[in-house]
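Peer 1: Structure supplied as model-v6.cif; contents: mmCIF, C-alpha atoms.
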```
data_coords
#
loop_
_atom_site.label_atom_id
_atom_site.label_comp_id
_atom_site.auth_asym_id
_atom_site.auth_seq_id
_atom_site.Cartn_x
_atom_site.Cartn_y
_atom_site.Cartn_z
CA MET A 48 30.63 0.94 10.52
CA LYS A 49 28.72 4.05 9.44
CA ASP A 50 25.46 5.05 11.10
CA ASP A 51 22.49 3.40 9.35
CA ARG A 52 21.24 6.82 8.21
CA GLN A 53 24.49 7.38 6.31
CA LEU A 54 24.53 4.01 4.56
CA LYS A 55 23.04 3.41 1.15
CA ILE A 56 19.64 1.85 1.69
CA GLU A 57 20.68 -1.53 0.24
CA SER A 58 23.40 -1.80 2.91
CA ALA A 59 21.15 -0.59 5.73
CA LEU A 60 18.56 -3.23 4.81
CA ALA A 61 21.05 -6.09 4.57
CA GLN A 62 22.61 -5.15 7.93
CA ILE A 63 19.40 -4.90 9.99
CA GLY A 64 20.24 -6.27 13.45
CA SER A 65 23.74 -7.39 12.51
CA LEU A 66 25.54 -5.12 15.01
CA GLU A 67 22.94 -5.17 17.78
CA ASP A 68 24.22 -8.17 19.74
CA PRO A 69 27.80 -7.27 20.80
CA GLN A 70 27.80 -9.78 23.66
CA THR A 71 27.83 -12.75 21.28
CA GLY A 72 28.68 -11.07 17.97
CA GLY A 73 25.70 -12.74 16.31
CA VAL A 74 25.06 -11.32 12.86
CA THR A 75 21.37 -12.21 13.23
CA PHE A 76 19.61 -10.66 16.19
CA PRO A 77 17.99 -13.28 18.46
CA ILE A 78 14.34 -13.67 19.43
CA TYR A 79 13.65 -12.60 23.01
CA HIS A 80 10.51 -14.40 24.12
CA SER A 81 10.66 -13.19 27.72
CA THR A 82 7.64 -11.14 28.75
CA ALA A 83 9.25 -9.83 31.96
CA TYR A 84 12.73 -8.52 32.83
CA ARG A 85 14.57 -8.34 36.14
CA HIS A 86 15.14 -4.90 37.62
CA PRO A 87 18.73 -4.26 38.80
CA GLY A 88 17.31 -2.43 41.81
CA LEU A 89 14.50 -0.20 43.02
CA GLY A 90 13.87 2.55 40.51
CA ARG A 91 16.35 1.02 38.06
CA SER A 92 15.73 -0.68 34.73
CA THR A 93 17.70 -2.40 32.00
CA GLY A 94 15.54 -0.48 29.55
CA PHE A 95 13.17 -3.42 29.30
CA ASP A 96 10.41 -3.97 31.83
CA TYR A 97 7.44 -5.63 30.14
CA THR A 98 7.40 -6.92 26.58
CA ARG A 99 4.28 -5.01 25.48
CA THR A 100 6.06 -1.76 26.31
CA LYS A 101 9.40 -2.73 24.83
CA ASN A 102 10.94 -5.95 23.59
CA PRO A 103 14.60 -6.29 22.47
CA THR A 104 13.78 -8.02 19.17
CA ARG A 105 10.98 -5.64 18.33
CA ALA A 106 13.11 -2.64 19.32
CA VAL A 107 15.76 -3.53 16.71
CA LEU A 108 13.06 -3.75 14.04
CA GLU A 109 11.50 -0.46 15.12
CA GLU A 110 14.79 1.43 15.12
CA ALA A 111 15.67 0.07 11.68
CA SER A 112 12.25 1.07 10.35
CA ALA A 113 12.62 4.62 11.65
CA ASN A 114 16.06 4.94 10.10
CA LEU A 115 14.94 3.60 6.72
CA GLU A 116 12.07 6.10 6.57
CA SER A 117 14.16 9.04 7.91
CA GLY A 118 11.86 9.20 10.93
CA ASP A 119 12.46 9.62 14.65
CA ALA A 120 10.63 6.59 16.01
CA GLY A 121 9.21 3.31 14.76
CA PHE A 122 6.40 1.16 16.14
CA ALA A 123 5.77 -2.45 15.10
CA CYS A 124 2.15 -3.58 15.30
CA SER A 125 0.36 -6.91 15.05
CA SER A 126 -1.09 -6.05 11.60
CA GLY A 127 -1.44 -3.18 9.17
CA MET A 128 -4.95 -2.56 10.48
CA ALA A 129 -3.63 -2.50 14.05
CA ALA A 130 -1.13 0.15 12.94
CA LEU A 131 -3.96 2.23 11.46
CA GLN A 132 -6.06 1.85 14.61
CA THR A 133 -3.13 3.04 16.69
CA ILE A 134 -2.62 6.08 14.44
CA PHE A 135 -6.31 6.97 14.40
CA ALA A 136 -6.32 6.86 18.21
CA LEU A 137 -4.57 10.24 17.97
CA PHE A 138 -7.98 11.72 17.17
CA SER A 139 -11.00 12.49 19.33
CA GLN A 140 -14.73 13.01 19.06
CA GLY A 141 -15.52 15.78 16.59
CA ASP A 142 -12.23 15.49 14.70
CA HIS A 143 -12.32 15.39 10.91
CA LEU A 144 -9.97 13.63 8.47
CA ILE A 145 -9.44 14.14 4.74
CA VAL A 146 -8.72 10.81 3.04
CA SER A 147 -7.69 9.49 -0.38
CA LEU A 148 -10.74 8.69 -2.51
CA ASP A 149 -9.32 5.48 -4.01
CA LEU A 150 -8.75 3.74 -0.70
CA TYR A 151 -8.06 0.22 0.56
CA GLY A 152 -11.40 -1.22 1.67
CA GLY A 153 -10.13 -2.16 5.13
CA THR A 154 -9.15 1.42 5.87
CA TYR A 155 -12.57 2.63 4.72
CA ARG A 156 -14.26 0.02 6.91
CA LEU A 157 -12.26 1.11 9.95
CA LEU A 158 -13.12 4.77 9.38
CA GLU A 159 -16.79 4.41 8.51
CA ARG A 160 -17.95 1.46 10.61
CA ILE A 161 -15.82 1.80 13.72
CA LEU A 162 -14.28 5.25 14.20
CA SER A 163 -17.53 6.91 13.15
CA ARG A 164 -19.09 5.47 16.34
CA PHE A 165 -16.74 7.69 18.33
CA GLY A 166 -17.57 10.86 16.44
CA ILE A 167 -14.57 10.89 14.08
CA THR A 168 -15.58 11.80 10.53
CA ALA A 169 -13.83 11.47 7.18
CA SER A 170 -14.24 13.10 3.77
CA TYR A 171 -12.90 11.46 0.62
CA VAL A 172 -11.20 13.27 -2.26
CA ASP A 173 -8.56 12.89 -4.93
CA THR A 174 -5.69 14.05 -2.72
CA ASN A 175 -3.81 15.36 -5.73
CA ASP A 176 -6.53 18.02 -6.03
CA LEU A 177 -5.40 20.73 -3.60
CA GLU A 178 -8.44 22.87 -4.31
CA GLY A 179 -10.67 19.91 -3.54
CA ILE A 180 -8.79 19.28 -0.30
CA GLU A 181 -9.09 22.93 0.73
CA LYS A 182 -12.85 22.88 0.14
CA LEU A 183 -13.17 19.99 2.58
CA ARG A 184 -11.09 21.60 5.33
CA THR A 185 -12.93 22.56 8.49
CA PRO A 186 -11.74 23.99 11.82
CA ASN A 187 -11.84 20.39 13.12
CA THR A 188 -9.73 18.88 10.32
CA LYS A 189 -6.78 17.22 12.05
CA ALA A 190 -5.11 15.12 9.35
CA VAL A 191 -4.95 14.24 5.69
CA PHE A 192 -4.47 10.54 4.98
CA ILE A 193 -2.83 9.65 1.66
CA GLU A 194 -2.34 6.42 -0.21
CA THR A 195 0.13 6.94 -3.04
CA PRO A 196 0.02 5.12 -5.31
CA THR A 197 -3.51 4.10 -4.39
CA ASN A 198 -4.78 0.57 -4.33
CA PRO A 199 -6.04 -0.56 -6.84
CA LEU A 200 -6.12 2.27 -9.41
CA MET A 201 -2.59 3.52 -8.78
CA MET A 202 -3.57 7.19 -8.41
CA VAL A 203 -0.51 9.26 -7.46
CA THR A 204 -0.47 12.16 -4.99
CA ASP A 205 2.17 14.88 -4.78
CA ILE A 206 3.20 14.29 -1.17
CA LYS A 207 5.23 17.48 -0.79
CA ALA A 208 2.40 19.63 -2.16
CA VAL A 209 -0.09 18.15 0.32
CA ALA A 210 2.33 18.40 3.25
CA ASP A 211 3.10 22.03 2.36
CA TRP A 212 -0.64 22.73 2.33
CA ALA A 213 -1.26 20.92 5.62
CA LYS A 214 1.49 22.31 7.83
CA PRO A 215 0.35 25.97 8.05
CA HIS A 216 -3.08 24.71 9.15
CA GLY A 217 -1.63 22.44 11.86
CA ILE A 218 -2.88 19.39 9.97
CA LEU A 219 -0.94 16.13 10.09
CA THR A 220 0.08 14.42 6.85
CA ILE A 221 -0.19 10.63 7.11
CA VAL A 222 1.06 8.50 4.21
CA ASP A 223 0.44 4.82 3.59
CA ASN A 224 3.77 3.79 2.03
CA THR A 225 2.98 0.08 1.73
CA LEU A 226 3.21 -0.17 -2.04
CA LEU A 227 6.54 1.58 -2.59
CA THR A 228 8.33 0.95 0.74
CA PRO A 229 11.25 3.16 1.86
CA PHE A 230 13.37 1.56 -0.84
CA PHE A 231 11.54 3.57 -3.49
CA GLN A 232 9.81 6.38 -1.56
CA ARG A 233 10.39 8.16 1.76
CA PRO A 234 7.46 10.48 2.45
CA ILE A 235 8.92 11.98 5.65
CA GLU A 236 11.69 13.48 3.52
CA LEU A 237 8.89 15.15 1.52
CA GLY A 238 7.21 16.64 4.60
CA ALA A 239 4.95 13.86 5.91
CA ASP A 240 4.52 13.44 9.68
CA ILE A 241 3.51 9.78 9.93
CA ILE A 242 4.17 6.75 7.73
CA VAL A 243 2.18 3.55 7.94
CA HIS A 244 2.87 0.17 6.33
CA SER A 245 1.04 -3.06 6.03
CA ALA A 246 4.37 -4.80 6.58
CA THR A 247 2.69 -8.07 5.67
CA LYS A 248 3.19 -6.98 2.08
CA TYR A 249 6.52 -5.94 0.50
CA LEU A 250 8.48 -5.46 3.72
CA GLY A 251 7.85 -9.03 4.85
CA GLY A 252 7.79 -10.14 1.25
CA HIS A 253 7.09 -13.85 1.62
CA ASN A 254 3.37 -14.10 2.48
CA ASP A 255 4.26 -15.60 5.85
CA VAL A 256 4.05 -12.84 8.47
CA LEU A 257 1.23 -10.49 9.52
CA ALA A 258 2.56 -7.11 10.65
CA GLY A 259 2.17 -3.35 10.56
CA LEU A 260 4.66 -0.52 10.99
CA ILE A 261 4.33 3.13 12.00
CA VAL A 262 7.10 5.70 11.67
CA THR A 263 6.79 9.20 13.14
CA LYS A 264 8.69 12.45 12.80
CA GLY A 265 9.01 14.87 15.70
CA LYS A 266 9.59 14.39 19.43
CA GLU A 267 6.10 15.23 20.68
CA LEU A 268 4.31 13.13 18.05
CA SER A 269 6.68 10.20 18.65
CA GLU A 270 6.08 10.33 22.40
CA GLU A 271 2.32 10.36 21.89
CA MET A 272 2.54 7.41 19.50
CA PHE A 273 4.63 5.49 22.02
CA PHE A 274 1.90 6.06 24.62
CA LEU A 275 -0.82 4.87 22.23
CA HIS A 276 1.20 1.86 21.03
CA ASN A 277 1.81 0.72 24.60
CA SER A 278 -1.71 1.54 25.82
CA ILE A 279 -3.62 -0.11 22.96
CA GLY A 280 -1.17 -3.00 23.00
CA ALA A 281 -1.50 -4.30 19.44
CA VAL A 282 2.25 -4.90 19.30
CA LEU A 283 4.17 -7.28 17.08
CA SER A 284 5.35 -10.50 18.71
CA PRO A 285 9.09 -11.22 19.06
CA SER A 286 8.89 -14.12 16.58
CA ASP A 287 7.07 -12.05 13.99
CA SER A 288 9.50 -9.17 14.55
CA TYR A 289 12.36 -11.51 13.74
CA GLN A 290 10.52 -12.87 10.69
CA LEU A 291 9.84 -9.36 9.41
CA MET A 292 13.48 -8.29 9.83
CA ARG A 293 14.59 -11.35 7.91
CA GLY A 294 12.28 -10.44 5.07
CA MET A 295 13.40 -6.80 5.03
CA LYS A 296 17.03 -7.79 4.55
CA THR A 297 16.27 -8.74 0.93
CA LEU A 298 13.85 -5.88 0.22
CA ALA A 299 16.16 -4.10 -2.23
CA LEU A 300 16.67 -7.16 -4.40
CA ARG A 301 13.01 -8.08 -4.35
CA MET A 302 11.70 -4.60 -5.14
CA GLU A 303 14.01 -4.30 -8.14
CA ARG A 304 12.64 -7.59 -9.51
CA HIS A 305 9.03 -6.71 -8.66
CA GLU A 306 9.43 -3.41 -10.49
CA SER A 307 11.01 -4.86 -13.65
CA ASN A 308 8.52 -7.73 -13.82
CA SER A 309 5.46 -5.53 -13.28
CA LEU A 310 6.55 -3.02 -15.91
CA ALA A 311 7.20 -5.77 -18.44
CA MET A 312 3.81 -7.31 -17.69
CA ALA A 313 2.04 -3.94 -17.90
CA ARG A 314 3.62 -3.25 -21.29
CA PHE A 315 2.59 -6.68 -22.51
CA LEU A 316 -1.01 -6.13 -21.42
CA GLN A 317 -1.10 -2.67 -23.01
CA THR A 318 -0.85 -4.31 -26.42
CA HIS A 319 -3.09 -7.29 -25.71
CA PRO A 320 -6.32 -7.27 -27.74
CA GLN A 321 -8.44 -8.35 -24.75
CA ILE A 322 -7.27 -5.54 -22.44
CA GLU A 323 -9.09 -2.22 -22.17
CA THR A 324 -6.92 -0.22 -19.72
CA VAL A 325 -3.71 -0.70 -17.72
CA TYR A 326 -3.09 1.28 -14.52
CA HIS A 327 0.64 1.42 -13.76
CA PRO A 328 2.48 4.61 -12.68
CA GLY A 329 5.62 3.41 -14.43
CA LEU A 330 3.95 3.80 -17.83
CA PRO A 331 4.44 7.24 -19.44
CA GLU A 332 0.72 7.35 -20.26
CA HIS A 333 -0.32 7.01 -16.62
CA PRO A 334 -1.77 10.27 -15.22
CA GLY A 335 0.56 10.30 -12.21
CA HIS A 336 3.72 9.24 -14.05
CA GLU A 337 5.62 12.53 -13.76
CA VAL A 338 4.74 13.11 -10.10
CA GLN A 339 5.70 9.53 -9.32
CA ASN A 340 9.09 9.99 -10.95
CA SER A 341 9.68 13.25 -9.09
CA GLN A 342 9.12 11.83 -5.60
CA SER A 343 10.20 8.21 -5.85
CA SER A 344 13.13 6.29 -7.26
CA GLY A 345 11.13 3.40 -8.67
CA ASN A 346 7.78 1.70 -9.05
CA THR A 347 5.92 -0.92 -7.13
CA GLY A 348 5.22 -4.46 -8.28
CA ILE A 349 1.46 -4.14 -8.14
CA PHE A 350 -0.82 -2.71 -10.79
CA SER A 351 -4.34 -3.14 -12.12
CA PHE A 352 -5.92 -3.66 -15.50
CA LYS A 353 -9.37 -3.88 -17.05
CA VAL A 354 -10.46 -6.52 -19.50
CA LYS A 355 -12.88 -5.63 -22.27
CA ASP A 356 -15.56 -8.09 -21.19
CA ALA A 357 -16.55 -8.74 -17.56
CA ARG A 358 -17.67 -12.25 -18.52
CA TRP A 359 -14.01 -13.19 -18.87
CA ILE A 360 -13.12 -12.51 -15.22
CA GLU A 361 -14.21 -15.83 -13.73
CA HIS A 362 -12.58 -17.76 -16.56
CA ILE A 363 -9.30 -15.86 -16.25
CA LEU A 364 -9.15 -16.56 -12.52
CA SER A 365 -9.90 -20.25 -13.03
CA ASN A 366 -7.28 -20.63 -15.78
CA ILE A 367 -4.24 -18.94 -14.22
CA LYS A 368 -1.84 -21.61 -13.00
CA LEU A 369 1.44 -20.00 -11.95
CA VAL A 370 -0.29 -16.87 -10.64
CA ALA A 371 -2.49 -17.55 -7.61
CA PHE A 372 -6.03 -16.21 -7.26
CA ALA A 373 -5.58 -14.90 -3.73
CA GLU A 374 -5.91 -11.75 -1.66
CA SER A 375 -2.90 -9.77 -0.41
CA LEU A 376 0.08 -8.51 -2.36
CA GLY A 377 3.81 -7.90 -2.18
CA GLY A 378 5.08 -11.44 -1.77
CA VAL A 379 7.60 -13.24 -3.96
CA GLU A 380 4.74 -15.27 -5.42
CA SER A 381 2.45 -13.59 -7.96
CA LEU A 382 -1.15 -13.09 -6.82
CA MET A 383 -4.25 -11.83 -8.61
CA THR A 384 -7.27 -10.30 -6.89
CA TYR A 385 -10.74 -9.18 -7.97
CA PRO A 386 -11.13 -5.91 -6.02
CA SER A 387 -14.86 -5.29 -6.52
CA ILE A 388 -15.83 -8.38 -4.51
CA GLN A 389 -12.70 -8.86 -2.40
CA THR A 390 -10.41 -6.09 -1.12
CA HIS A 391 -12.80 -3.23 -1.94
CA ALA A 392 -16.19 -4.82 -1.31
CA ASP A 393 -16.75 -2.50 1.69
CA ILE A 394 -16.41 0.61 -0.47
CA PRO A 395 -19.91 1.83 -1.44
CA GLN A 396 -20.92 0.97 -4.99
CA GLU A 397 -21.31 4.62 -5.98
CA ILE A 398 -17.73 5.40 -4.94
CA ARG A 399 -16.39 2.32 -6.72
CA ASP A 400 -18.28 3.30 -9.85
CA ALA A 401 -17.02 6.88 -9.68
CA ILE A 402 -13.35 5.94 -9.45
CA GLY A 403 -13.47 2.93 -11.75
CA VAL A 404 -13.31 -0.11 -9.46
CA ASP A 405 -15.79 -2.06 -11.56
CA ASP A 406 -16.51 -5.64 -12.57
CA LYS A 407 -13.84 -5.61 -15.30
CA LEU A 408 -10.94 -4.69 -13.00
CA LEU A 409 -8.25 -7.14 -11.83
CA ARG A 410 -5.38 -6.32 -9.49
CA PHE A 411 -2.08 -8.05 -10.17
CA SER A 412 0.68 -8.35 -7.57
CA VAL A 413 3.58 -9.40 -9.77
CA GLY A 414 6.09 -11.61 -8.01
CA ILE A 415 9.73 -12.44 -8.72
CA GLU A 416 9.19 -15.42 -11.03
CA HIS A 417 10.66 -15.34 -14.54
CA ILE A 418 8.73 -12.82 -16.59
CA ASP A 419 8.39 -15.17 -19.58
CA ASP A 420 6.55 -17.69 -17.41
CA LEU A 421 4.27 -15.00 -16.00
CA ILE A 422 3.40 -13.61 -19.43
CA ALA A 423 2.70 -17.09 -20.75
CA ASP A 424 0.40 -17.81 -17.81
CA ILE A 425 -1.62 -14.60 -18.19
CA ASP A 426 -1.77 -14.83 -21.98
CA GLY A 427 -2.96 -18.42 -21.72
CA ALA A 428 -5.66 -17.51 -19.19
CA LEU A 429 -6.91 -14.62 -21.33
CA LYS A 430 -7.13 -16.80 -24.43
CA ALA A 431 -8.89 -19.56 -22.49
CA ALA A 432 -11.41 -17.02 -21.17
CA LEU A 433 -12.18 -15.91 -24.71
CA ARG A 434 -12.65 -19.50 -25.91
CA GLU A 435 -14.82 -20.48 -22.96
CA THR A 436 -17.17 -17.48 -23.15
CA GLU A 437 -17.52 -17.04 -26.89
CA GLY A 438 -16.31 -20.21 -28.46
CA VAL A 439 -13.86 -18.14 -30.48
CA GLU A 440 -10.61 -19.75 -31.55
CA ALA A 441 -7.85 -17.70 -29.86
#
```
Let's see the structure in the file written out as structure tokens.

Peer 2:
Amino acid sequence: MKDDRQLKIESALAQIGSLEDPQTGGVTFPIYHSTAYRHPGLGRSTGFDYTRTKNPTRAVLEEASANLESGDAGFACSSGMAALQTIFALFSQGDHLIVSLDLYGGTYRLLERILSRFGITASYVDTNDLEGIEKLRTPNTKAVFIETPTNPLMMVTDIKAVADWAKPHGILTIVDNTLLTPFFQRPIELGADIIVHSATKYLGGHNDVLAGLIVTKGKELSEEMFFLHNSIGAVLSPSDSYQLMRGMKTLALRMERHESNSLAMARFLQTHPQIETVYHPGLPEHPGHEVQNSQSSGNTGIFSFKVKDARWIEHILSNIKLVAFAESLGGVESLMTYPSIQTHADIPQEIRDAIGVDDKLLRFSVGIEHIDDLIADIDGALKAALRETEGVEA
């Protein structure tokens, strides 16, 4: 069989772990629960000593993740936030980071309420604005952290342009690739140094495993990340590693359905009389559409939209039936979230107002259900909201 890096990504995903157990020939790699491993002799090791440092099940997942992202090393963490904490441990007191303005609230909370205690500072900017990034650069700037597309407004950053700017200054480029996954976008191939995923989302894909992934490029950086991963210890359990691999095997099929469903839903909402704006990078009208097409092979299944009247929000959320009003994203089941009071509540009001995360915005993680059923559910909820707030026959 060809090396994973030479396979088409659909084949590499389907075959995760299938050739890693030659002793039994198992096509599914087993779960190794052992926390300790016998040494063959003094100064000798099987390659496994203590499960926090390295576990056979987790190692298969980590190698597959590195291969899928064209990286050199992968690290599986106990959550997406644990992965971010491990990455940010690269930095020290006095270091400065440049960060995407439209940012997941949990990342902002980690930076501003925890890392700030240790003297690490962050500045926020539209990372597609190279002049804006340059104005923020200081002698202590160590990294630029990019979400692309961003959550929830789907702002798109030209990864190669940012990486090309960062490298001459010795600045790391870190990309959160949660929303597109390596199936659609591989930032390391565009010059990024570190990739992070909330693997709970599309990689796991079934709303049943909490996990984070880090992928690094370069020997020195990979060795440092291994030290931090082992030292901090927020590693993924063997059972969750197995669960995540199982989910990743169907990533290609799921992402294709997520993409087609979300685009169909976005187009439907574009023409709906109760909708003000739709934010989806797959739409030609979206500001980042051309950049998105140039650096990725497809679009995510999540997007956001604004209704024309904020009074409708509560009624929409109480009238959806197939779609669940729930936090998170990326699972086979469709979920809807109200960012201003849920995922982005920790972002200061002035920043939310500036970028457009207001009280009319809903985020929609479109699942793999039949699109006709999803459209009927959303259309019904919108019409019910209009009736219930205005008594207008819809």

Peer 1: Starting from the displayed file, determine the output of the PyMOL selection byres ((chain A and resi 409-425) around 6) and express the residue list as a VMD selection string.

Peer 2: chain A and resid 304 to 305 308 to 309 348 to 352 367 376 379 to 385 408 426 to 428

Peer 1: Got a sec to resolve the PyMOL selection byres ((chain A and resi 157) around 12) on this structure and send the residues as an NGL selection string?

Peer 2: :A and (127-136 or 150-156 or 158-165 or 167-169 or 393-394)

Peer 1: May I ask for the distance between atom CA of A:Gly378 and atom CA of A:Gly251, given in Å to one decimal place?

Peer 2: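 Computing it gives 7.6 Å between the two atoms.
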
Peer 1: Decode the PyMOL selection byres ((chain A and resi 206) around 8) for the given file into explicit residues and return them as an MDAnalysis selection string.

Peer 2: chainID A and resid 204:205 207:210 234 237:239 342

Peer 1: Listing only residues of stretch 205-323 of chain A within 9 Å of stretch 58-73 of chain A, what is the closest atom pair and its distance in Å (to one decimal) for each, using all atoms listed in the file, sorted by chain and residue number ascending, as CSV?

Peer 2:
```
residue,atom,partner,partner_atom,distance
A:Met292,CA,A:Ile63,CA,6.8
A:Arg293,CA,A:Ile63,CA,8.3
A:Met295,CA,A:Leu60,CA,6.3
A:Lys296,CA,A:Ala61,CA,4.4
A:Thr297,CA,A:Ala61,CA,6.6
A:Leu298,CA,A:Leu60,CA,7.1
A:Ala299,CA,A:Leu60,CA,7.5
```

Peer 1: For the residues selected in the previous step, produce a file with C-alpha atoms as a PDB file, in the frame of the given file.

Peer 2:
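Final file, part.pdb:
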```
ATOM      1  CA  MET A 292      13.480  -8.290   9.830  1.00  0.00           C
ATOM      2  CA  ARG A 293      14.590 -11.350   7.910  1.00  0.00           C
ATOM      3  CA  MET A 295      13.400  -6.800   5.030  1.00  0.00           C
ATOM      4  CA  LYS A 296      17.030  -7.790   4.550  1.00  0.00           C
ATOM      5  CA  THR A 297      16.270  -8.740   0.930  1.00  0.00           C
ATOM      6  CA  LEU A 298      13.850  -5.880   0.220  1.00  0.00           C
ATOM      7  CA  ALA A 299      16.160  -4.100  -2.230  1.00  0.00           C
TER       8      ALA A 299
END
```

Peer 1: So that I can check the surroundings of A:Gly265, please list as an NGL selection string every protein, DNA and RNA residue that reaches within 12 Å of it, counting all atoms listed in the file and ignoring chain neighbours fewer than 5 positions away.

Peer 2: :A and (113 or 117-121 or 219 or 235 or 238-241 or 270-272)

Peer 1: What is the atom CA of A:Asn254-atom CA of A:Lys353 distance in Å, reported with one decimal?

Peer 2: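 Between these atoms lies a distance of 25.5 Å.
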
Peer 1: From the list A:Val354, A:Glu306, A:Phe95, A:Leu137, which residue is nearest A:Leu268 when using all atoms listed in the file?

Peer 2: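 When distances to A:Leu268 are compared using all atoms listed in the file, the smallest one comes from A:Leu137.
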
Peer 1: Pick from A:Asn224, A:Ser269, A:Ser139, A:Asn175: nearest to A:Thr188, with all atoms listed in the file counted?

Peer 2: A:Ser139

Peer 1: Choose the residue, out of A:Lys355, A:Pro87, A:Glu109, A:Gly294, that has the smallest atom-to-atom separation from A:His253; count only C-alpha atoms.

Peer 2: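 Among the listed residues, the smallest separation from A:His253 belongs to A:Gly294.
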
Peer 1: Which residue gives the smallest distance to A:Ser307 among A:Asn346, A:Phe274, A:Lys248, A:Val325, with all atoms listed in the file counted?

Peer 2: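 Of the candidates, the smallest distance to A:Ser307 is held by A:Asn346.
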
Peer 1: Let me make sure I understand: among A:Ser365, A:Asn114, A:Ser375, A:Gln321, which one has the smallest atom-to-atom distance to A:Asp255 if we use all atoms listed in the file?

Peer 2: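 Between A:Ser365, A:Asn114, A:Ser375, A:Gln321, the residue approaching A:Asp255 most closely is A:Ser375.
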
Peer 1: Quick one: of A:Thr247, A:Ser343, A:Ser387, A:Ser170, who's nearest to A:Lys182, counting all atoms listed in the file?

Peer 2: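 With all atoms listed in the file as the atom set, the closest residue is A:Ser170.
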
Peer 1: Which residues are near A:Thr436? Cut-off 9 Å, all atoms listed in the file, ignore same chain within fewer than 6 positions. Put them as an NGL selection string.

Peer 2: :A and (358-359 or 362)

Peer 1: Complete stretch 142-156 of chain A with N, CA and C atoms (output as a compact mmCIF listing (two decimals), in the coordinates of the input).

Peer 2:
```txt
# COMPACT_ATOMS: atom_id res chain seq x y z
N ASP A 142 -13.34 15.28 15.63
CA ASP A 142 -12.23 15.49 14.70
C ASP A 142 -12.62 15.02 13.30
N HIS A 143 -12.00 15.65 12.31
CA HIS A 143 -12.32 15.39 10.91
C HIS A 143 -11.04 15.05 10.16
N LEU A 144 -11.11 14.05 9.27
CA LEU A 144 -9.97 13.63 8.47
C LEU A 144 -10.31 13.77 6.99
N ILE A 145 -9.32 14.13 6.19
CA ILE A 145 -9.44 14.14 4.74
C ILE A 145 -8.64 12.94 4.22
N VAL A 146 -9.27 12.13 3.36
CA VAL A 146 -8.72 10.81 3.04
C VAL A 146 -8.75 10.58 1.52
N SER A 147 -7.75 9.86 1.04
CA SER A 147 -7.69 9.49 -0.38
C SER A 147 -8.99 8.82 -0.82
N LEU A 148 -9.49 9.22 -1.99
CA LEU A 148 -10.74 8.69 -2.51
C LEU A 148 -10.60 7.21 -2.88
N ASP A 149 -9.58 6.87 -3.63
CA ASP A 149 -9.32 5.48 -4.01
C ASP A 149 -8.56 4.85 -2.86
N LEU A 150 -9.28 4.14 -2.00
CA LEU A 150 -8.75 3.74 -0.70
C LEU A 150 -8.91 2.24 -0.51
N TYR A 151 -7.93 1.62 0.19
CA TYR A 151 -8.06 0.22 0.56
C TYR A 151 -9.34 0.03 1.37
N GLY A 152 -10.10 -1.00 1.04
CA GLY A 152 -11.40 -1.22 1.67
C GLY A 152 -11.33 -1.39 3.18
N GLY A 153 -10.25 -1.98 3.69
CA GLY A 153 -10.13 -2.16 5.13
C GLY A 153 -9.98 -0.85 5.87
N THR A 154 -9.29 0.11 5.26
CA THR A 154 -9.15 1.42 5.87
C THR A 154 -10.49 2.14 5.89
N TYR A 155 -11.23 2.03 4.79
CA TYR A 155 -12.57 2.63 4.72
C TYR A 155 -13.48 2.01 5.78
N ARG A 156 -13.43 0.71 5.91
CA ARG A 156 -14.26 0.02 6.91
C ARG A 156 -13.94 0.49 8.32
```
